[in-house]
file protein.cif (mmCIF, C-alpha atoms)
data_my_file
loop_
_atom_site.group_PDB
_atom_site.id
_atom_site.type_symbol
_atom_site.label_atom_id
_atom_site.label_comp_id
_atom_site.auth_asym_id
_atom_site.auth_seq_id
_atom_site.Cartn_x
_atom_site.Cartn_y
_atom_site.Cartn_z
ATOM 1 C CA MET A 1 110.449 0.036 210.660
ATOM 2 C CA ALA A 2 111.275 -0.172 206.980
ATOM 3 C CA CYS A 3 112.971 -3.382 205.874
ATOM 4 C CA SER A 4 116.201 -2.704 203.978
ATOM 5 C CA SER A 5 118.021 -5.205 201.836
ATOM 6 C CA SER A 6 120.782 -5.817 204.398
ATOM 7 C CA ALA A 7 120.883 -9.280 205.921
ATOM 8 C CA THR A 8 120.694 -7.858 209.452
ATOM 9 C CA MET A 9 117.626 -5.765 208.770
ATOM 10 C CA ILE A 10 115.902 -8.613 206.964
ATOM 11 C CA TRP A 11 116.499 -10.870 209.975
ATOM 12 C CA LEU A 12 115.140 -8.230 212.349
ATOM 13 C CA CYS A 13 112.029 -7.794 210.235
ATOM 14 C CA LEU A 14 111.430 -11.530 210.090
ATOM 15 C CA SER A 15 111.940 -11.770 213.844
ATOM 16 C CA MET A 16 109.276 -9.150 214.444
ATOM 17 C CA LEU A 17 106.852 -10.766 212.037
ATOM 18 C CA LEU A 18 107.360 -14.253 213.455
ATOM 19 C CA GLY A 19 107.491 -13.196 217.074
ATOM 20 C CA LEU A 20 111.071 -14.411 217.492
ATOM 21 C CA GLY A 21 111.955 -11.273 219.396
ATOM 22 C CA SER A 22 109.316 -11.832 222.072
ATOM 23 C CA ALA A 23 110.298 -12.511 225.647
ATOM 24 C CA GLN A 24 111.123 -16.092 226.572
ATOM 25 C CA LEU A 25 110.499 -18.051 229.741
ATOM 26 C CA SER A 26 113.432 -18.460 232.109
ATOM 27 C CA SER A 27 114.034 -20.476 235.273
ATOM 28 C CA SER A 28 115.658 -17.407 236.873
ATOM 29 C CA PHE A 29 112.951 -14.925 235.921
ATOM 30 C CA TYR A 30 112.255 -13.820 239.516
ATOM 31 C CA SER A 31 115.779 -14.115 240.890
ATOM 32 C CA THR A 32 116.115 -10.336 241.142
ATOM 33 C CA SER A 33 112.540 -9.013 241.031
ATOM 34 C CA CYS A 34 111.147 -11.420 243.651
ATOM 35 C CA PRO A 35 113.805 -13.777 245.035
ATOM 36 C CA SER A 36 111.407 -15.224 247.615
ATOM 37 C CA ALA A 37 108.795 -16.261 245.019
ATOM 38 C CA LEU A 38 109.660 -19.944 244.719
ATOM 39 C CA SER A 39 110.172 -20.498 248.437
ATOM 40 C CA THR A 40 106.883 -18.745 249.232
ATOM 41 C CA ILE A 41 104.978 -20.970 246.815
ATOM 42 C CA ASN A 42 106.745 -24.113 248.004
ATOM 43 C CA SER A 43 106.035 -23.402 251.652
ATOM 44 C CA ALA A 44 102.340 -22.794 251.033
ATOM 45 C CA VAL A 45 101.921 -25.845 248.807
ATOM 46 C CA THR A 46 103.817 -28.173 251.121
ATOM 47 C CA SER A 47 101.732 -27.017 254.082
ATOM 48 C CA ALA A 48 98.474 -27.429 252.152
ATOM 49 C CA VAL A 49 99.362 -30.928 250.926
ATOM 50 C CA ASN A 50 100.471 -31.979 254.396
ATOM 51 C CA GLN A 51 97.084 -30.891 255.740
ATOM 52 C CA GLU A 52 95.172 -32.606 252.923
ATOM 53 C CA ASN A 53 96.981 -34.923 250.529
ATOM 54 C CA ARG A 54 94.252 -34.542 247.923
ATOM 55 C CA MET A 55 95.159 -30.876 247.522
ATOM 56 C CA GLY A 56 98.295 -31.905 245.620
ATOM 57 C CA ALA A 57 96.181 -33.485 242.908
ATOM 58 C CA SER A 58 93.836 -30.489 242.871
ATOM 59 C CA LEU A 59 96.677 -28.013 242.293
ATOM 60 C CA LEU A 60 98.238 -30.198 239.602
ATOM 61 C CA ARG A 61 94.858 -30.405 237.875
ATOM 62 C CA LEU A 62 94.401 -26.627 237.967
ATOM 63 C CA HIS A 63 97.644 -26.182 236.027
ATOM 64 C CA PHE A 64 96.747 -28.859 233.474
ATOM 65 C CA HIS A 65 93.225 -27.522 232.935
ATOM 66 C CA ASP A 66 94.645 -24.023 232.614
ATOM 67 C CA CYS A 67 97.298 -24.882 230.033
ATOM 68 C CA PHE A 68 95.018 -26.943 227.801
ATOM 69 C CA VAL A 69 92.674 -23.980 227.278
ATOM 70 C CA ASN A 70 94.394 -21.219 225.307
ATOM 71 C CA GLY A 71 97.723 -21.836 227.001
ATOM 72 C CA CYS A 72 99.195 -21.468 230.496
ATOM 73 C CA ASP A 73 97.738 -18.051 231.253
ATOM 74 C CA ALA A 74 95.736 -18.500 234.492
ATOM 75 C CA SER A 75 92.479 -18.052 232.572
ATOM 76 C CA ILE A 76 91.009 -20.883 234.650
ATOM 77 C CA LEU A 77 91.162 -18.689 237.738
ATOM 78 C CA LEU A 78 89.026 -15.899 236.269
ATOM 79 C CA ALA A 79 85.472 -15.631 237.557
ATOM 80 C CA ASP A 80 82.680 -14.876 235.100
ATOM 81 C CA ASN A 81 82.113 -11.188 234.453
ATOM 82 C CA GLY A 82 80.216 -8.936 232.082
ATOM 83 C CA SER A 83 82.742 -9.499 229.299
ATOM 84 C CA PHE A 84 82.928 -13.278 229.222
ATOM 85 C CA VAL A 85 81.714 -16.554 230.670
ATOM 86 C CA GLY A 86 84.796 -18.214 232.087
ATOM 87 C CA GLU A 87 86.091 -21.767 232.232
ATOM 88 C CA GLN A 88 85.099 -22.814 235.729
ATOM 89 C CA ASN A 89 81.679 -24.105 234.726
ATOM 90 C CA ALA A 90 82.868 -26.063 231.708
ATOM 91 C CA PHE A 91 81.743 -29.682 231.748
ATOM 92 C CA SER A 92 85.166 -30.981 232.845
ATOM 93 C CA ASN A 93 85.506 -28.309 235.532
ATOM 94 C CA SER A 94 82.102 -27.673 237.037
ATOM 95 C CA GLY A 95 81.941 -28.684 240.666
ATOM 96 C CA SER A 96 85.343 -30.350 240.595
ATOM 97 C CA LEU A 97 87.957 -27.599 240.585
ATOM 98 C CA ARG A 98 89.711 -27.101 243.913
ATOM 99 C CA GLY A 99 92.675 -25.236 245.315
ATOM 100 C CA PHE A 100 91.607 -21.675 244.586
ATOM 101 C CA ASN A 101 92.075 -20.777 248.242
ATOM 102 C CA ILE A 102 95.679 -21.996 248.179
ATOM 103 C CA VAL A 103 96.434 -19.961 245.059
ATOM 104 C CA ASP A 104 94.781 -16.882 246.582
ATOM 105 C CA ASN A 105 96.827 -17.319 249.761
ATOM 106 C CA ILE A 106 100.052 -17.520 247.773
ATOM 107 C CA LYS A 107 99.102 -14.507 245.674
ATOM 108 C CA THR A 108 98.330 -12.443 248.784
ATOM 109 C CA GLN A 109 101.734 -13.258 250.245
ATOM 110 C CA LEU A 110 103.546 -12.416 247.014
ATOM 111 C CA GLU A 111 101.656 -9.170 246.518
ATOM 112 C CA SER A 112 102.800 -8.188 249.980
ATOM 113 C CA SER A 113 106.472 -8.956 249.357
ATOM 114 C CA CYS A 114 106.714 -8.273 245.603
ATOM 115 C CA PRO A 115 103.642 -6.339 244.445
ATOM 116 C CA GLY A 116 102.743 -6.642 240.789
ATOM 117 C CA VAL A 117 105.579 -9.022 239.946
ATOM 118 C CA VAL A 118 104.598 -12.719 240.100
ATOM 119 C CA SER A 119 101.861 -13.873 237.764
ATOM 120 C CA CYS A 120 99.025 -16.183 238.699
ATOM 121 C CA ALA A 121 100.002 -18.395 235.758
ATOM 122 C CA ASP A 122 103.473 -18.895 237.215
ATOM 123 C CA ILE A 123 101.990 -19.632 240.629
ATOM 124 C CA LEU A 124 99.953 -22.442 239.062
ATOM 125 C CA ALA A 125 102.993 -23.855 237.262
ATOM 126 C CA VAL A 126 105.213 -23.888 240.354
ATOM 127 C CA ALA A 127 102.422 -25.154 242.623
ATOM 128 C CA ALA A 128 101.860 -28.108 240.280
ATOM 129 C CA ARG A 129 105.540 -29.075 240.449
ATOM 130 C CA ASP A 130 105.715 -28.652 244.216
ATOM 131 C CA SER A 131 102.557 -30.730 244.647
ATOM 132 C CA VAL A 132 104.036 -33.652 242.723
ATOM 133 C CA VAL A 133 107.256 -33.466 244.720
ATOM 134 C CA ALA A 134 105.362 -33.286 248.024
ATOM 135 C CA LEU A 135 103.659 -36.585 247.146
ATOM 136 C CA GLY A 136 106.834 -38.394 246.100
ATOM 137 C CA GLY A 137 107.294 -37.551 242.420
ATOM 138 C CA ASP A 138 110.359 -36.215 240.637
ATOM 139 C CA SER A 139 111.059 -32.509 240.505
ATOM 140 C CA TRP A 140 111.622 -30.447 237.361
ATOM 141 C CA THR A 141 112.828 -26.958 236.567
ATOM 142 C CA VAL A 142 109.847 -24.683 236.026
ATOM 143 C CA GLN A 143 110.363 -22.068 233.354
ATOM 144 C CA LEU A 144 108.952 -18.724 234.506
ATOM 145 C CA GLY A 145 107.854 -15.398 233.119
ATOM 146 C CA ARG A 146 104.278 -16.181 232.077
ATOM 147 C CA ARG A 147 101.782 -13.356 232.233
ATOM 148 C CA ASP A 148 98.063 -13.581 232.953
ATOM 149 C CA SER A 149 95.253 -13.461 230.428
ATOM 150 C CA THR A 150 92.523 -10.836 230.523
ATOM 151 C CA ASN A 151 89.790 -13.176 229.316
ATOM 152 C CA ALA A 152 88.580 -16.764 229.544
ATOM 153 C CA SER A 153 86.376 -19.000 227.435
ATOM 154 C CA LEU A 154 83.808 -21.569 228.496
ATOM 155 C CA ALA A 155 83.560 -22.855 224.915
ATOM 156 C CA ALA A 156 87.322 -23.315 224.618
ATOM 157 C CA ALA A 157 87.366 -25.297 227.859
ATOM 158 C CA ASP A 158 84.562 -27.564 226.670
ATOM 159 C CA ASN A 159 86.320 -28.133 223.352
ATOM 160 C CA ASN A 160 89.832 -28.802 224.665
ATOM 161 C CA LEU A 161 89.572 -30.662 227.966
ATOM 162 C CA PRO A 162 89.228 -34.469 227.936
ATOM 163 C CA LEU A 163 86.246 -36.086 229.625
ATOM 164 C CA GLY A 164 86.239 -39.205 231.764
ATOM 165 C CA ASN A 165 84.383 -41.131 229.055
ATOM 166 C CA ALA A 166 86.875 -40.263 226.306
ATOM 167 C CA SER A 167 88.053 -42.952 223.895
ATOM 168 C CA LEU A 168 91.710 -43.568 223.146
ATOM 169 C CA SER A 169 91.370 -41.855 219.767
ATOM 170 C CA ARG A 170 89.738 -38.835 221.389
ATOM 171 C CA LEU A 171 92.542 -38.590 223.950
ATOM 172 C CA GLN A 172 95.138 -38.867 221.201
ATOM 173 C CA SER A 173 93.416 -36.133 219.214
ATOM 174 C CA LEU A 174 93.096 -33.688 222.120
ATOM 175 C CA PHE A 175 96.724 -34.111 223.143
ATOM 176 C CA SER A 176 97.961 -34.043 219.543
ATOM 177 C CA ASN A 177 96.197 -30.714 219.101
ATOM 178 C CA LYS A 178 98.460 -29.380 221.846
ATOM 179 C CA GLY A 179 101.604 -30.833 220.302
ATOM 180 C CA PHE A 180 101.885 -33.966 222.430
ATOM 181 C CA THR A 181 102.694 -37.430 221.135
ATOM 182 C CA THR A 182 100.609 -40.429 222.139
ATOM 183 C CA ALA A 183 103.459 -41.511 224.420
ATOM 184 C CA GLU A 184 103.387 -38.146 226.192
ATOM 185 C CA MET A 185 99.618 -38.444 226.559
ATOM 186 C CA VAL A 186 100.038 -41.795 228.315
ATOM 187 C CA THR A 187 102.704 -40.280 230.558
ATOM 188 C CA LEU A 188 100.641 -37.232 231.516
ATOM 189 C CA SER A 189 97.641 -39.463 232.218
ATOM 190 C CA GLY A 190 99.759 -40.820 235.058
ATOM 191 C CA ALA A 191 98.760 -37.708 236.990
ATOM 192 C CA HIS A 192 95.780 -39.877 237.940
ATOM 193 C CA THR A 193 98.048 -41.746 240.311
ATOM 194 C CA ILE A 194 96.856 -39.153 242.848
ATOM 195 C CA GLY A 195 93.512 -37.514 243.496
ATOM 196 C CA GLN A 196 89.873 -38.510 243.462
ATOM 197 C CA ALA A 197 86.957 -38.400 241.059
ATOM 198 C CA ARG A 198 83.251 -37.923 241.591
ATOM 199 C CA CYS A 199 80.744 -40.714 241.089
ATOM 200 C CA ALA A 200 79.233 -38.777 238.187
ATOM 201 C CA ALA A 201 82.489 -39.224 236.269
ATOM 202 C CA PHE A 202 82.716 -43.006 236.633
ATOM 203 C CA ARG A 203 79.109 -44.167 237.192
ATOM 204 C CA ASN A 204 78.592 -45.314 233.627
ATOM 205 C CA ARG A 205 81.843 -47.278 233.669
ATOM 206 C CA ILE A 206 81.145 -49.255 236.828
ATOM 207 C CA TYR A 207 77.664 -50.285 235.659
ATOM 208 C CA ASN A 208 78.104 -50.643 231.908
ATOM 209 C CA ASP A 209 81.733 -51.164 230.844
ATOM 210 C CA ALA A 210 82.798 -54.712 230.064
ATOM 211 C CA ASN A 211 86.525 -54.118 230.611
ATOM 212 C CA ILE A 212 86.347 -53.617 234.370
ATOM 213 C CA ASN A 213 87.259 -55.973 237.194
ATOM 214 C CA ALA A 214 83.937 -57.234 238.578
ATOM 215 C CA THR A 215 85.011 -57.120 242.216
ATOM 216 C CA TYR A 216 86.363 -53.619 241.764
ATOM 217 C CA ALA A 217 83.144 -52.453 240.090
ATOM 218 C CA THR A 218 81.020 -53.896 242.898
ATOM 219 C CA SER A 219 83.119 -52.172 245.545
ATOM 220 C CA LEU A 220 82.593 -48.835 243.808
ATOM 221 C CA GLN A 221 78.863 -49.319 243.330
ATOM 222 C CA ALA A 222 78.376 -49.315 247.102
ATOM 223 C CA ASN A 223 79.227 -45.612 247.157
ATOM 224 C CA CYS A 224 78.050 -44.712 243.676
ATOM 225 C CA PRO A 225 74.447 -45.817 243.091
ATOM 226 C CA THR A 226 72.747 -45.712 239.718
ATOM 227 C CA SER A 227 71.081 -42.475 240.773
ATOM 228 C CA GLY A 228 72.026 -39.994 243.462
ATOM 229 C CA GLY A 229 75.376 -39.662 245.184
ATOM 230 C CA SER A 230 76.939 -37.991 242.156
ATOM 231 C CA SER A 231 79.423 -36.066 244.305
ATOM 232 C CA ASN A 232 80.618 -39.117 246.228
ATOM 233 C CA LEU A 233 84.321 -39.667 245.724
ATOM 234 C CA ALA A 234 86.613 -42.563 244.867
ATOM 235 C CA PRO A 235 90.416 -42.539 244.451
ATOM 236 C CA LEU A 236 91.719 -42.537 240.886
ATOM 237 C CA ASP A 237 94.455 -44.914 242.056
ATOM 238 C CA ARG A 238 92.920 -47.485 244.393
ATOM 239 C CA SER A 239 96.323 -48.791 245.552
ATOM 240 C CA THR A 240 98.321 -45.731 246.667
ATOM 241 C CA PRO A 241 96.006 -42.731 246.180
ATOM 242 C CA THR A 242 98.257 -40.230 247.942
ATOM 243 C CA SER A 243 101.628 -41.303 246.516
ATOM 244 C CA PHE A 244 102.942 -40.125 243.176
ATOM 245 C CA ASP A 245 104.092 -43.488 241.833
ATOM 246 C CA ASN A 246 103.383 -45.967 239.036
ATOM 247 C CA SER A 247 100.455 -47.780 240.687
ATOM 248 C CA TYR A 248 98.016 -46.090 238.315
ATOM 249 C CA TYR A 249 99.436 -48.183 235.482
ATOM 250 C CA THR A 250 99.554 -51.374 237.545
ATOM 251 C CA ASN A 251 95.830 -50.990 238.216
ATOM 252 C CA LEU A 252 95.129 -50.793 234.490
ATOM 253 C CA LEU A 253 96.637 -54.251 233.947
ATOM 254 C CA THR A 254 93.921 -55.736 236.164
ATOM 255 C CA GLN A 255 91.164 -53.574 234.623
ATOM 256 C CA GLU A 256 90.925 -51.370 237.684
ATOM 257 C CA GLY A 257 91.146 -47.962 236.050
ATOM 258 C CA LEU A 258 88.515 -45.736 237.647
ATOM 259 C CA LEU A 259 87.572 -43.729 234.573
ATOM 260 C CA HIS A 260 86.673 -45.126 231.181
ATOM 261 C CA SER A 261 89.397 -42.899 229.720
ATOM 262 C CA ASP A 262 91.953 -44.427 232.107
ATOM 263 C CA GLN A 263 91.245 -47.989 231.052
ATOM 264 C CA GLU A 264 91.381 -46.965 227.396
ATOM 265 C CA LEU A 265 95.164 -46.781 227.797
ATOM 266 C CA PHE A 266 95.257 -50.545 228.390
ATOM 267 C CA ASN A 267 92.523 -52.108 226.346
ATOM 268 C CA GLY A 268 94.158 -54.064 223.552
ATOM 269 C CA GLY A 269 95.376 -50.945 221.753
ATOM 270 C CA SER A 270 98.580 -49.225 220.731
ATOM 271 C CA THR A 271 99.357 -47.856 224.193
ATOM 272 C CA ASP A 272 99.269 -51.198 226.051
ATOM 273 C CA SER A 273 103.024 -51.732 225.781
ATOM 274 C CA GLN A 274 103.890 -48.366 227.323
ATOM 275 C CA VAL A 275 101.503 -48.952 230.214
ATOM 276 C CA THR A 276 103.081 -52.346 230.814
ATOM 277 C CA SER A 277 106.600 -50.918 230.719
ATOM 278 C CA TYR A 278 105.741 -48.289 233.323
ATOM 279 C CA THR A 279 104.484 -50.960 235.728
ATOM 280 C CA THR A 280 108.004 -52.369 235.989
ATOM 281 C CA ASP A 281 109.967 -49.131 235.667
ATOM 282 C CA GLN A 282 108.706 -46.433 237.998
ATOM 283 C CA ALA A 283 111.877 -44.356 237.619
ATOM 284 C CA THR A 284 111.312 -43.964 233.889
ATOM 285 C CA PHE A 285 107.691 -42.953 234.412
ATOM 286 C CA LEU A 286 108.632 -40.309 236.967
ATOM 287 C CA SER A 287 111.365 -38.932 234.723
ATOM 288 C CA ASP A 288 109.115 -38.948 231.658
ATOM 289 C CA PHE A 289 106.362 -37.217 233.616
ATOM 290 C CA ALA A 290 108.685 -34.419 234.729
ATOM 291 C CA SER A 291 109.817 -33.861 231.137
ATOM 292 C CA ALA A 292 106.249 -33.834 229.826
ATOM 293 C CA MET A 293 105.252 -31.291 232.467
ATOM 294 C CA VAL A 294 107.993 -28.924 231.318
ATOM 295 C CA LYS A 295 106.581 -29.196 227.800
ATOM 296 C CA MET A 296 103.042 -28.621 229.029
ATOM 297 C CA GLY A 297 104.103 -25.541 230.955
ATOM 298 C CA ASN A 298 105.369 -24.090 227.683
ATOM 299 C CA LEU A 299 101.966 -24.191 225.985
ATOM 300 C CA SER A 300 101.326 -20.738 224.485
ATOM 301 C CA PRO A 301 102.434 -18.596 227.439
ATOM 302 C CA LEU A 302 101.821 -14.872 227.401
ATOM 303 C CA THR A 303 105.154 -13.057 227.729
ATOM 304 C CA GLY A 304 106.688 -9.642 227.269
ATOM 305 C CA SER A 305 103.960 -7.015 227.092
ATOM 306 C CA SER A 306 101.109 -9.465 226.455
ATOM 307 C CA GLY A 307 98.477 -9.946 229.138
ATOM 308 C CA GLN A 308 99.051 -8.548 232.603
ATOM 309 C CA ILE A 309 100.174 -9.452 236.106
ATOM 310 C CA ARG A 310 96.871 -9.749 237.935
ATOM 311 C CA THR A 311 96.746 -8.355 241.443
ATOM 312 C CA ASP A 312 93.782 -10.622 242.188
ATOM 313 C CA CYS A 313 93.897 -13.961 240.374
ATOM 314 C CA THR A 314 90.103 -14.115 240.104
ATOM 315 C CA ARG A 315 89.678 -10.908 238.096
ATOM 316 C CA THR A 316 91.506 -8.659 235.690
ATOM 317 C CA ASN A 317 93.167 -5.477 236.913
#
call {"tool": "encode", "arguments": {"input": "protein.cif", "output": "structure tokens"}}
result
Amino acid sequence: MACSSSATMIWLCLSMLLGLGSAQLSSSFYSTSCPSALSTINSAVTSAVNQENRMGASLLRLHFHDCFVNGCDASILLADNGSFVGEQNAFSNSGSLRGFNIVDNIKTQLESSCPGVVSCADILAVAARDSVVALGGDSWTVQLGRRDSTNASLAAADNNLPLGNASLSRLQSLFSNKGFTTAEMVTLSGAHTIGQARCAAFRNRIYNDANINATYATSLQANCPTSGGSSNLAPLDRSTPTSFDNSYYTNLLTQEGLLHSDQELFNGGSTDSQVTSYTTDQATFLSDFASAMVKMGNLSPLTGSSGQIRTDCTRTN
């Protein structure tokens, strides 16, 4: 299209160049094309979490680890193939990702009722919300219309996902790179109020960190020896590990954060005051978390004609 001097044509040209004319996410995206989409996902997630509370944390983590690597595009679900080495064996993901079977079950149901319509990326986004709600957290309106990527990147996952030994400055940097403020980083870290971590992720902390409650460290050492037992689990929130509440922050005040990166949020630094405020105001934490999740779900989605709607979430069409 040639750009004329008229104001309208100039605006259209700029829109094309800047991508302003691309499709946008919408909460009603499937209202006509697949009206049963949200209820199908909710039913499957609620059932899975009722059978195993930990699954709620696993599904929430899948969405987070998806969005932080090249956007919310379901790249985390892609198995390695001849074209790329995917994200599942990245350092932060290897041996710890769960919930693929739940996502596959949901996808199978949706392909039966609405073939080729609901993306795997949207399934992850809705499943994360429904998981939080199933465990007592606030709900939020999930924007929909994401499409699925056709590639994945091990290197991008290693470069963008935080590790359990991350410092406060490293956490701030990783989240800032995705457009999040330090306050939003502290809020999203509250996802660790549910779920479990492997001994390998917290071994160094319980034997070497100075800012850890001695009794708490000793209790963890019983199931996490200095060598061996790397897959043994401990709850990220020792108080209420299956309830989405503010106990994660309360634990930090007594130096009972499981991961080094958790305790970094309350360690004499700039985020101490926010952690303290959340311990006395659960409602604000839950509301802030819901808002931050909406923002995270908007990280670089593929829309319009970009990507594809995968028939099988583990491979491209």
call {"tool": "closest_residue", "arguments": {"input": "protein.cif", "among": "A:Arg170, A:Glu256, A:Thr182, A:Ala157", "to": "Thr218 (chain A)", "atoms": "all atoms listed in the file"}}
result
A:Glu256
call {"tool": "residues_around", "arguments": {"input": "protein.cif", "residues": "region 236-242 of chain A", "least_positions_apart": "4", "cutoff": "12 Å", "atoms": "all atoms listed in the file", "output": "JSON, numbers by chain"}}
result
{"A": [49, 50, 52, 53, 54, 55, 56, 57, 58, 131, 132, 133, 134, 135, 136, 137, 164, 189, 190, 191, 192, 193, 194, 195, 196, 197, 198, 199, 201, 202, 216, 217, 219, 220, 246, 247, 248, 249, 250, 251, 252, 254, 255, 256, 257, 258, 259, 260, 261, 262, 263]}
call {"tool": "residues_around", "arguments": {"input": "protein.cif", "residues": "Gly86 (chain A)", "least_positions_apart": "2", "cutoff": "12 Å", "atoms": "only C-alpha atoms", "output": "VMD selection string"}}
result
chain A and resid 66 69 74 to 84 88 to 91 93 to 94 149 to 158 314 to 315
call {"tool": "write_last_selection", "arguments": {"input": "protein.cif", "atoms": "C-alpha atoms", "output": "mmCIF file, in the frame of the given file"}}
result
data_model
loop_
_atom_site.group_PDB
_atom_site.id
_atom_site.type_symbol
_atom_site.label_atom_id
_atom_site.label_comp_id
_atom_site.auth_asym_id
_atom_site.auth_seq_id
_atom_site.Cartn_x
_atom_site.Cartn_y
_atom_site.Cartn_z
ATOM 1 C CA ASP A 66 94.645 -24.023 232.614
ATOM 2 C CA VAL A 69 92.674 -23.980 227.278
ATOM 3 C CA ALA A 74 95.736 -18.500 234.492
ATOM 4 C CA SER A 75 92.479 -18.052 232.572
ATOM 5 C CA ILE A 76 91.009 -20.883 234.650
ATOM 6 C CA LEU A 77 91.162 -18.689 237.738
ATOM 7 C CA LEU A 78 89.026 -15.899 236.269
ATOM 8 C CA ALA A 79 85.472 -15.631 237.557
ATOM 9 C CA ASP A 80 82.680 -14.876 235.100
ATOM 10 C CA ASN A 81 82.113 -11.188 234.453
ATOM 11 C CA GLY A 82 80.216 -8.936 232.082
ATOM 12 C CA SER A 83 82.742 -9.499 229.299
ATOM 13 C CA PHE A 84 82.928 -13.278 229.222
ATOM 14 C CA GLN A 88 85.099 -22.814 235.729
ATOM 15 C CA ASN A 89 81.679 -24.105 234.726
ATOM 16 C CA ALA A 90 82.868 -26.063 231.708
ATOM 17 C CA PHE A 91 81.743 -29.682 231.748
ATOM 18 C CA ASN A 93 85.506 -28.309 235.532
ATOM 19 C CA SER A 94 82.102 -27.673 237.037
ATOM 20 C CA SER A 149 95.253 -13.461 230.428
ATOM 21 C CA THR A 150 92.523 -10.836 230.523
ATOM 22 C CA ASN A 151 89.790 -13.176 229.316
ATOM 23 C CA ALA A 152 88.580 -16.764 229.544
ATOM 24 C CA SER A 153 86.376 -19.000 227.435
ATOM 25 C CA LEU A 154 83.808 -21.569 228.496
ATOM 26 C CA ALA A 155 83.560 -22.855 224.915
ATOM 27 C CA ALA A 156 87.322 -23.315 224.618
ATOM 28 C CA ALA A 157 87.366 -25.297 227.859
ATOM 29 C CA ASP A 158 84.562 -27.564 226.670
ATOM 30 C CA THR A 314 90.103 -14.115 240.104
ATOM 31 C CA ARG A 315 89.678 -10.908 238.096
#
call {"tool": "resolve_selection", "arguments": {"input": "protein.cif", "expression": "the PyMOL selection byres ((chain A and resi 128) around 10)", "output": "list in words"}}
result
Asn42, Val45, Gly56, Ala57, Ser58, Leu59, Leu60, Arg61, Leu62, His63, Phe64, Asp122, Ile123, Leu124, Ala125, Val126, Ala127, Arg129, Asp130, Ser131, Val132, Val133, Ala134, Val142, Met293 and Gly297 of chain A
call {"tool": "resolve_selection", "arguments": {"input": "protein.cif", "expression": "the PyMOL selection byres ((chain A and resi 275-280) around 8)", "output": "PDB file with C-alpha atoms, keeping the file's coordinate frame"}}
result
ATOM      1  CA  VAL A 186     100.038 -41.795 228.315  1.00  0.00           C
ATOM      2  CA  ASN A 246     103.383 -45.967 239.036  1.00  0.00           C
ATOM      3  CA  SER A 247     100.455 -47.780 240.687  1.00  0.00           C
ATOM      4  CA  TYR A 249      99.436 -48.183 235.482  1.00  0.00           C
ATOM      5  CA  THR A 250      99.554 -51.374 237.545  1.00  0.00           C
ATOM      6  CA  LEU A 252      95.129 -50.793 234.490  1.00  0.00           C
ATOM      7  CA  LEU A 253      96.637 -54.251 233.947  1.00  0.00           C
ATOM      8  CA  LEU A 265      95.164 -46.781 227.797  1.00  0.00           C
ATOM      9  CA  PHE A 266      95.257 -50.545 228.390  1.00  0.00           C
ATOM     10  CA  THR A 271      99.357 -47.856 224.193  1.00  0.00           C
ATOM     11  CA  ASP A 272      99.269 -51.198 226.051  1.00  0.00           C
ATOM     12  CA  SER A 273     103.024 -51.732 225.781  1.00  0.00           C
ATOM     13  CA  GLN A 274     103.890 -48.366 227.323  1.00  0.00           C
ATOM     14  CA  ASP A 281     109.967 -49.131 235.667  1.00  0.00           C
ATOM     15  CA  GLN A 282     108.706 -46.433 237.998  1.00  0.00           C
ATOM     16  CA  THR A 284     111.312 -43.964 233.889  1.00  0.00           C
ATOM     17  CA  PHE A 285     107.691 -42.953 234.412  1.00  0.00           C
TER      18      PHE A 285
END
call {"tool": "atom_distance", "arguments": {"input": "protein.cif", "atom1": "CA of Leu144 (chain A)", "atom2": "CA of Leu25 (chain A)"}}
result
5.1 Å
call {"tool": "closest_residue", "arguments": {"input": "protein.cif", "among": "A:Cys313, A:Leu161, A:Leu38, A:Leu286", "to": "Asn101 (chain A)", "atoms": "all atoms listed in the file"}}
result
A:Cys313
call {"tool": "resolve_selection", "arguments": {"input": "protein.cif", "expression": "the PyMOL selection byres ((chain A and resi 104) around 10)", "output": "PyMOL selection string"}}
result
chain A and resi 77+99-103+105-110+120+123+312-314
